[in-house]
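Source file: protein.pdb; contents: PDB, C-alpha atoms, pLDDT in the B column.
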ATOM      1  CA  MET D   1       0.000   0.000   0.000  1.00 86.00           C
ATOM      2  CA  GLN D   2       2.887   2.327   0.738  1.00 87.00           C
ATOM      3  CA  MET D   3       4.259   1.811  -2.789  1.00 84.00           C
ATOM      4  CA  LEU D   4       0.864   2.647  -4.281  1.00 80.00           C
ATOM      5  CA  ARG D   5       0.729   5.870  -2.261  1.00 80.00           C
ATOM      6  CA  GLU D   6       4.211   6.844  -3.441  1.00 79.00           C
ATOM      7  CA  LEU D   7       3.329   6.198  -7.075  1.00 75.00           C
ATOM      8  CA  ASN D   8       0.111   8.166  -6.753  1.00 75.00           C
ATOM      9  CA  ALA D   9       1.885  11.068  -5.034  1.00 75.00           C
ATOM     10  CA  ASP D  10       3.918  11.901  -8.151  1.00 72.00           C
ATOM     11  CA  ALA D  11       2.437  14.729 -10.135  1.00 66.00           C
ATOM     12  CA  TRP D  12       0.844  13.541 -13.354  1.00 64.00           C
ATOM     13  CA  THR D  13       1.806  15.622 -16.343  1.00 66.00           C
ATOM     14  CA  PRO D  14      -0.527  15.347 -19.322  1.00 61.00           C
ATOM     15  CA  LEU D  15       0.831  14.809 -22.790  1.00 58.00           C
ATOM     16  CA  PRO D  16       0.819  17.776 -25.168  1.00 64.00           C
ATOM     17  CA  LYS D  17      -2.030  18.055 -27.686  1.00 65.00           C
ATOM     18  CA  ASP D  18      -0.004  16.312 -30.377  1.00 63.00           C
ATOM     19  CA  HIS D  19       1.200  13.582 -27.974  1.00 62.00           C
ATOM     20  CA  GLY D  20       4.791  14.767 -28.420  1.00 66.00           C
ATOM     21  CA  ARG D  21       4.949  14.263 -32.191  1.00 70.00           C
ATOM     22  CA  LEU D  22       6.470  17.652 -33.003  1.00 72.00           C
ATOM     23  CA  SER D  23       9.038  17.387 -30.215  1.00 72.00           C
ATOM     24  CA  GLU D  24      10.033  13.977 -31.574  1.00 73.00           C
ATOM     25  CA  LEU D  25      10.435  15.509 -35.033  1.00 73.00           C
ATOM     26  CA  ASP D  26      12.638  18.168 -33.464  1.00 73.00           C
ATOM     27  CA  PHE D  27      15.099  15.427 -32.476  1.00 76.00           C
ATOM     28  CA  SER D  28      15.360  14.570 -36.192  1.00 80.00           C
ATOM     29  CA  TYR D  29      15.685  18.203 -37.279  1.00 80.00           C
ATOM     30  CA  THR D  30      19.321  17.949 -38.403  1.00 84.00           C
ATOM     31  CA  CYS D  31      18.489  14.878 -40.491  1.00 85.00           C
ATOM     32  CA  LEU D  32      15.438  16.578 -42.014  1.00 84.00           C
ATOM     33  CA  ARG D  33      17.510  19.657 -42.882  1.00 85.00           C
ATOM     34  CA  GLN D  34      19.683  17.492 -45.123  1.00 89.00           C
ATOM     35  CA  PHE D  35      16.913  16.843 -47.637  1.00 89.00           C
ATOM     36  CA  THR D  36      13.977  19.224 -47.044  1.00 87.00           C
ATOM     37  CA  PRO D  37      15.612  22.208 -48.802  1.00 91.00           C
ATOM     38  CA  ASN D  38      16.079  20.078 -51.929  1.00 92.00           C
ATOM     39  CA  VAL D  39      12.540  18.688 -51.756  1.00 88.00           C
ATOM     40  CA  LEU D  40      11.005  22.134 -51.298  1.00 87.00           C
ATOM     41  CA  ALA D  41      13.118  23.550 -54.127  1.00 89.00           C
ATOM     42  CA  ALA D  42      12.014  20.771 -56.483  1.00 89.00           C
ATOM     43  CA  ILE D  43       8.287  20.885 -55.743  1.00 86.00           C
ATOM     44  CA  ASP D  44       6.018  23.822 -56.484  1.00 86.00           C
ATOM     45  CA  PHE D  45       3.120  23.532 -54.046  1.00 86.00           C
ATOM     46  CA  LYS D  46      -0.213  25.097 -54.964  1.00 87.00           C
ATOM     47  CA  GLY D  47      -3.247  25.626 -52.778  1.00 83.00           C
ATOM     48  CA  GLU D  48      -6.962  26.116 -52.675  1.00 79.00           C
ATOM     49  CA  PRO D  49      -8.428  29.500 -51.739  1.00 78.00           C
ATOM     50  CA  GLY D  50      -7.964  29.909 -47.999  1.00 76.00           C
ATOM     51  CA  THR D  51      -4.597  28.166 -47.907  1.00 79.00           C
ATOM     52  CA  GLY D  52      -2.669  31.189 -49.089  1.00 79.00           C
ATOM     53  CA  ALA D  53      -0.798  31.476 -45.788  1.00 82.00           C
ATOM     54  CA  LEU D  54       0.500  27.916 -46.029  1.00 82.00           C
ATOM     55  CA  VAL D  55       1.623  28.327 -49.637  1.00 84.00           C
ATOM     56  CA  GLN D  56       3.177  31.679 -48.685  1.00 87.00           C
ATOM     57  CA  VAL D  57       5.203  30.208 -45.809  1.00 88.00           C
ATOM     58  CA  VAL D  58       6.469  27.410 -48.063  1.00 88.00           C
ATOM     59  CA  GLY D  59       7.743  30.190 -50.346  1.00 90.00           C
ATOM     60  CA  ILE D  60       9.341  31.972 -47.386  1.00 92.00           C
ATOM     61  CA  LEU D  61      11.046  28.751 -46.313  1.00 91.00           C
ATOM     62  CA  LYS D  62      12.298  28.172 -49.867  1.00 92.00           C
ATOM     63  CA  GLU D  63      13.709  31.704 -49.864  1.00 92.00           C
ATOM     64  CA  LEU D  64      15.408  31.187 -46.482  1.00 91.00           C
ATOM     65  CA  ASN D  65      16.957  27.944 -47.696  1.00 90.00           C
ATOM     66  CA  ALA D  66      18.139  29.474 -50.982  1.00 91.00           C
ATOM     67  CA  SER D  67      19.671  32.555 -49.364  1.00 92.00           C
ATOM     68  CA  GLY D  68      21.071  30.763 -46.317  1.00 89.00           C
ATOM     69  CA  GLY D  69      18.924  32.877 -44.025  1.00 87.00           C
ATOM     70  CA  ARG D  70      18.630  31.788 -40.414  1.00 86.00           C
ATOM     71  CA  LYS D  71      16.007  34.113 -39.010  1.00 90.00           C
ATOM     72  CA  VAL D  72      12.297  33.748 -39.735  1.00 90.00           C
ATOM     73  CA  PRO D  73      10.910  37.128 -40.843  1.00 89.00           C
ATOM     74  CA  ALA D  74       8.915  38.884 -38.161  1.00 86.00           C
ATOM     75  CA  ASP D  75       5.922  39.195 -40.492  1.00 88.00           C
ATOM     76  CA  ALA D  76       5.899  35.497 -41.441  1.00 88.00           C
ATOM     77  CA  PRO D  77       2.358  34.111 -41.070  1.00 86.00           C
ATOM     78  CA  THR D  78       1.582  31.654 -38.290  1.00 86.00           C
ATOM     79  CA  GLY D  79      -2.114  31.135 -39.029  1.00 84.00           C
ATOM     80  CA  PHE D  80      -1.332  27.907 -40.891  1.00 82.00           C
ATOM     81  CA  VAL D  81      -0.035  26.201 -37.726  1.00 83.00           C
ATOM     82  CA  LEU D  82      -2.307  23.411 -36.538  1.00 80.00           C
ATOM     83  CA  ALA D  83      -3.844  23.927 -33.093  1.00 82.00           C
ATOM     84  CA  LYS D  84      -1.996  20.922 -31.730  1.00 80.00           C
ATOM     85  CA  TYR D  85       1.362  22.547 -32.637  1.00 80.00           C
ATOM     86  CA  ALA D  86       0.504  26.124 -31.662  1.00 84.00           C
ATOM     87  CA  ASP D  87       1.709  25.687 -28.078  1.00 83.00           C
ATOM     88  CA  TYR D  88       5.172  24.677 -29.284  1.00 82.00           C
ATOM     89  CA  LEU D  89       5.433  27.698 -31.553  1.00 84.00           C
ATOM     90  CA  GLU D  90       4.226  30.086 -28.855  1.00 86.00           C
ATOM     91  CA  LYS D  91       6.661  28.632 -26.315  1.00 85.00           C
ATOM     92  CA  ALA D  92       9.532  29.001 -28.799  1.00 84.00           C
ATOM     93  CA  ARG D  93       8.507  32.621 -29.540  1.00 86.00           C
ATOM     94  CA  LYS D  94       8.382  33.501 -25.845  1.00 88.00           C
ATOM     95  CA  SER D  95      11.780  31.913 -25.173  1.00 86.00           C
ATOM     96  CA  GLY D  96      13.375  34.574 -27.371  1.00 83.00           C
ATOM     97  CA  GLU D  97      15.739  32.048 -28.901  1.00 83.00           C
ATOM     98  CA  GLU D  98      15.588  32.518 -32.654  1.00 84.00           C
ATOM     99  CA  PRO D  99      16.991  29.050 -33.554  1.00 84.00           C
ATOM    100  CA  ALA D 100      14.327  27.353 -31.413  1.00 83.00           C
ATOM    101  CA  TYR D 101      11.601  29.391 -33.100  1.00 86.00           C
ATOM    102  CA  ARG D 102      13.048  28.647 -36.559  1.00 87.00           C
ATOM    103  CA  HIS D 103      13.130  24.909 -35.813  1.00 85.00           C
ATOM    104  CA  CYS D 104       9.535  24.846 -34.613  1.00 85.00           C
ATOM    105  CA  TRP D 105       8.257  27.110 -37.396  1.00 88.00           C
ATOM    106  CA  GLU D 106      10.052  25.089 -40.071  1.00 88.00           C
ATOM    107  CA  LEU D 107       8.737  21.805 -38.686  1.00 85.00           C
ATOM    108  CA  CYS D 108       5.213  23.225 -38.786  1.00 84.00           C
ATOM    109  CA  VAL D 109       5.728  24.287 -42.408  1.00 86.00           C
ATOM    110  CA  ILE D 110       7.054  20.948 -43.594  1.00 82.00           C
ATOM    111  CA  SER D 111       4.295  19.004 -41.908  1.00 80.00           C
ATOM    112  CA  LEU D 112       2.067  19.457 -44.976  1.00 76.00           C
ATOM    113  CA  ARG D 113       0.640  15.978 -44.675  1.00 74.00           C
ATOM    114  CA  ASP D 114      -2.820  17.042 -43.545  1.00 75.00           C
ATOM    115  CA  GLY D 115      -3.032  19.709 -46.236  1.00 79.00           C
ATOM    116  CA  LEU D 116      -1.957  17.256 -48.920  1.00 81.00           C
ATOM    117  CA  ARG D 117      -4.364  14.573 -47.768  1.00 81.00           C
ATOM    118  CA  SER D 118      -7.321  16.935 -47.635  1.00 81.00           C
ATOM    119  CA  GLY D 119      -6.588  18.372 -51.084  1.00 82.00           C
ATOM    120  CA  ASP D 120      -6.155  21.897 -49.731  1.00 82.00           C
ATOM    121  CA  VAL D 121      -2.549  21.838 -50.939  1.00 85.00           C
ATOM    122  CA  TRP D 122      -1.451  19.949 -54.033  1.00 84.00           C
ATOM    123  CA  MET D 123       1.578  19.333 -56.200  1.00 86.00           C
ATOM    124  CA  PRO D 124       1.225  19.896 -59.945  1.00 85.00           C
ATOM    125  CA  GLY D 125       2.156  16.765 -61.859  1.00 83.00           C
ATOM    126  CA  SER D 126       1.589  14.439 -58.928  1.00 85.00           C
ATOM    127  CA  ARG D 127      -0.702  11.460 -59.331  1.00 82.00           C
ATOM    128  CA  ARG D 128      -1.612  11.139 -55.667  1.00 84.00           C
ATOM    129  CA  TYR D 129      -1.579  14.754 -54.539  1.00 85.00           C
ATOM    130  CA  SER D 130      -2.844  16.556 -57.640  1.00 86.00           C
ATOM    131  CA  ASP D 131      -5.383  19.351 -57.833  1.00 86.00           C
ATOM    132  CA  PRO D 132      -8.772  17.899 -56.813  1.00 84.00           C
ATOM    133  CA  ALA D 133     -10.491  20.047 -59.447  1.00 82.00           C
ATOM    134  CA  THR D 134      -8.872  17.930 -62.174  1.00 82.00           C
ATOM    135  CA  TYR D 135     -11.119  15.022 -61.148  1.00 83.00           C
ATOM    136  CA  LEU D 136     -14.277  17.024 -61.867  1.00 87.00           C
ATOM    137  CA  TYR D 137     -16.083  17.382 -65.163  1.00 88.00           C
ATOM    138  CA  THR D 138     -15.527  20.572 -67.098  1.00 87.00           C
ATOM    139  CA  ALA D 139     -18.612  22.574 -68.077  1.00 87.00           C
ATOM    140  CA  ALA D 140     -18.395  21.155 -71.624  1.00 89.00           C
ATOM    141  CA  GLN D 141     -18.167  17.574 -70.334  1.00 88.00           C
ATOM    142  CA  TRP D 142     -20.990  18.045 -67.857  1.00 89.00           C
ATOM    143  CA  ALA D 143     -23.550  19.596 -70.236  1.00 89.00           C
ATOM    144  CA  PRO D 144     -24.458  16.343 -72.097  1.00 88.00           C
ATOM    145  CA  ARG D 145     -24.532  14.333 -68.855  1.00 87.00           C
ATOM    146  CA  ARG D 146     -26.570  16.823 -66.842  1.00 84.00           C
ATOM    147  CA  ASP D 147     -29.944  15.546 -68.043  1.00 80.00           C
ATOM    148  CA  ASP D 148     -29.169  11.874 -67.310  1.00 74.00           C
TER     149      ASP D 148
END
Rewrite the structure from the file as structure tokens, please.
Amino acid sequence: MQMLRELNADAWTPLPKDHGRLSELDFSYTCLRQFTPNVLAAIDFKGEPGTGALVQVVGILKELNASGGRKVPADAPTGFVLAKYADYLEKARKSGEEPAYRHCWELCVISLRDGLRSGDVWMPGSRRYSDPATYLYTAAQWAPRRDD
């Protein structure tokens, strides 16, 4: 019973909203930095209306990588950051350490998976992540089928 009391006495700390996924990615940051600049330079991401901030920050990141810049511009958008990662970004901003903020911001930018899966962001020429509008009928194709 004493052991149970001791175990229960320890303060329980809840997991972050993302269950530590972004902090785990941060451990792999140096590895990711080896190939993400080349991937971002090779792919031209496009987006649906309303995803302009995400497409804009991909452009900012491409520019930082091309110029060798280390500091994220003060006016760089953060509205694209998922709610589950927002705490990390805010904590990095408040710490005042620019490299920590750059790491977190860049990891949020390159985590485009949800945007790609939803079709909000696409890659021209891709078979899997192409523009969802290409799967729809054009007006000329739809006109003869409309009455059926």
field: Leu54 in chain D surroundings by all atoms listed in the file, 8 Å radius, close-in-sequence under 3 positions cut, as a ChimeraX atom specification
entry: /D:51,57-58,80,109
For Thr36 in chain D, find every residue with an atom within 12 Å (counting only C-alpha atoms), except residues of its own chain fewer than 3 positions away, and show them as an mmCIF file with C-alpha atoms, in the coordinates of the input.
data_model
loop_
_atom_site.group_PDB
_atom_site.id
_atom_site.type_symbol
_atom_site.label_atom_id
_atom_site.label_comp_id
_atom_site.auth_asym_id
_atom_site.auth_seq_id
_atom_site.Cartn_x
_atom_site.Cartn_y
_atom_site.Cartn_z
ATOM 1 C CA SER D 28 15.360 14.570 -36.192
ATOM 2 C CA TYR D 29 15.685 18.203 -37.279
ATOM 3 C CA THR D 30 19.321 17.949 -38.403
ATOM 4 C CA CYS D 31 18.489 14.878 -40.491
ATOM 5 C CA LEU D 32 15.438 16.578 -42.014
ATOM 6 C CA ARG D 33 17.510 19.657 -42.882
ATOM 7 C CA VAL D 39 12.540 18.688 -51.756
ATOM 8 C CA LEU D 40 11.005 22.134 -51.298
ATOM 9 C CA ALA D 41 13.118 23.550 -54.127
ATOM 10 C CA ALA D 42 12.014 20.771 -56.483
ATOM 11 C CA ILE D 43 8.287 20.885 -55.743
ATOM 12 C CA VAL D 58 6.469 27.410 -48.063
ATOM 13 C CA LEU D 61 11.046 28.751 -46.313
ATOM 14 C CA LYS D 62 12.298 28.172 -49.867
ATOM 15 C CA ASN D 65 16.957 27.944 -47.696
ATOM 16 C CA ALA D 66 18.139 29.474 -50.982
ATOM 17 C CA GLU D 106 10.052 25.089 -40.071
ATOM 18 C CA LEU D 107 8.737 21.805 -38.686
ATOM 19 C CA VAL D 109 5.728 24.287 -42.408
ATOM 20 C CA ILE D 110 7.054 20.948 -43.594
ATOM 21 C CA SER D 111 4.295 19.004 -41.908
#
Selection under test: the PyMOL selection byres ((chain D and resi 85-99) around 10); residues as a CSV table (one decimal) with C-alpha atoms, keeping the file's coordinate frame:
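Result written to expr_2.csv:
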chain,number,residue,atom,x,y,z
D,16,PRO,CA,0.8,17.8,-25.2
D,17,LYS,CA,-2.0,18.1,-27.7
D,18,ASP,CA,0.0,16.3,-30.4
D,20,GLY,CA,4.8,14.8,-28.4
D,21,ARG,CA,4.9,14.3,-32.2
D,22,LEU,CA,6.5,17.7,-33.0
D,23,SER,CA,9.0,17.4,-30.2
D,70,ARG,CA,18.6,31.8,-40.4
D,71,LYS,CA,16.0,34.1,-39.0
D,72,VAL,CA,12.3,33.7,-39.7
D,78,THR,CA,1.6,31.7,-38.3
D,79,GLY,CA,-2.1,31.1,-39.0
D,80,PHE,CA,-1.3,27.9,-40.9
D,81,VAL,CA,0.0,26.2,-37.7
D,82,LEU,CA,-2.3,23.4,-36.5
D,83,ALA,CA,-3.8,23.9,-33.1
D,84,LYS,CA,-2.0,20.9,-31.7
D,100,ALA,CA,14.3,27.4,-31.4
D,101,TYR,CA,11.6,29.4,-33.1
D,102,ARG,CA,13.0,28.6,-36.6
D,103,HIS,CA,13.1,24.9,-35.8
D,104,CYS,CA,9.5,24.8,-34.6
D,105,TRP,CA,8.3,27.1,-37.4
D,107,LEU,CA,8.7,21.8,-38.7
D,108,CYS,CA,5.2,23.2,-38.8
task: Considering only C-alpha atoms, return as a ChimeraX atom specification whatever protein or nucleic-acid residues lie within 8 Å of range 124-135 of chain D, sequence-local ones (same chain, fewer than 4 positions apart) excluded.
output: /D:44-46,116-117,119
Would you output that residue set with C-alpha atoms, as a compact mmCIF listing (two decimals), keeping the file's coordinate frame?
# COMPACT_ATOMS: atom_id res chain seq x y z
CA ASP D 44 6.02 23.82 -56.48
CA PHE D 45 3.12 23.53 -54.05
CA LYS D 46 -0.21 25.10 -54.96
CA LEU D 116 -1.96 17.26 -48.92
CA ARG D 117 -4.36 14.57 -47.77
CA GLY D 119 -6.59 18.37 -51.08
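Taking CA of Gly47 in chain D and CA of Trp122 in chain D as endpoints, the distance between them is 6.1 Å.
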message: Restricting the calculation to only C-alpha atoms: of D:Gly69, D:Pro37, D:Pro144, D:Pro77, which residue gets closest to Gln56 in chain D?
response: D:Pro77
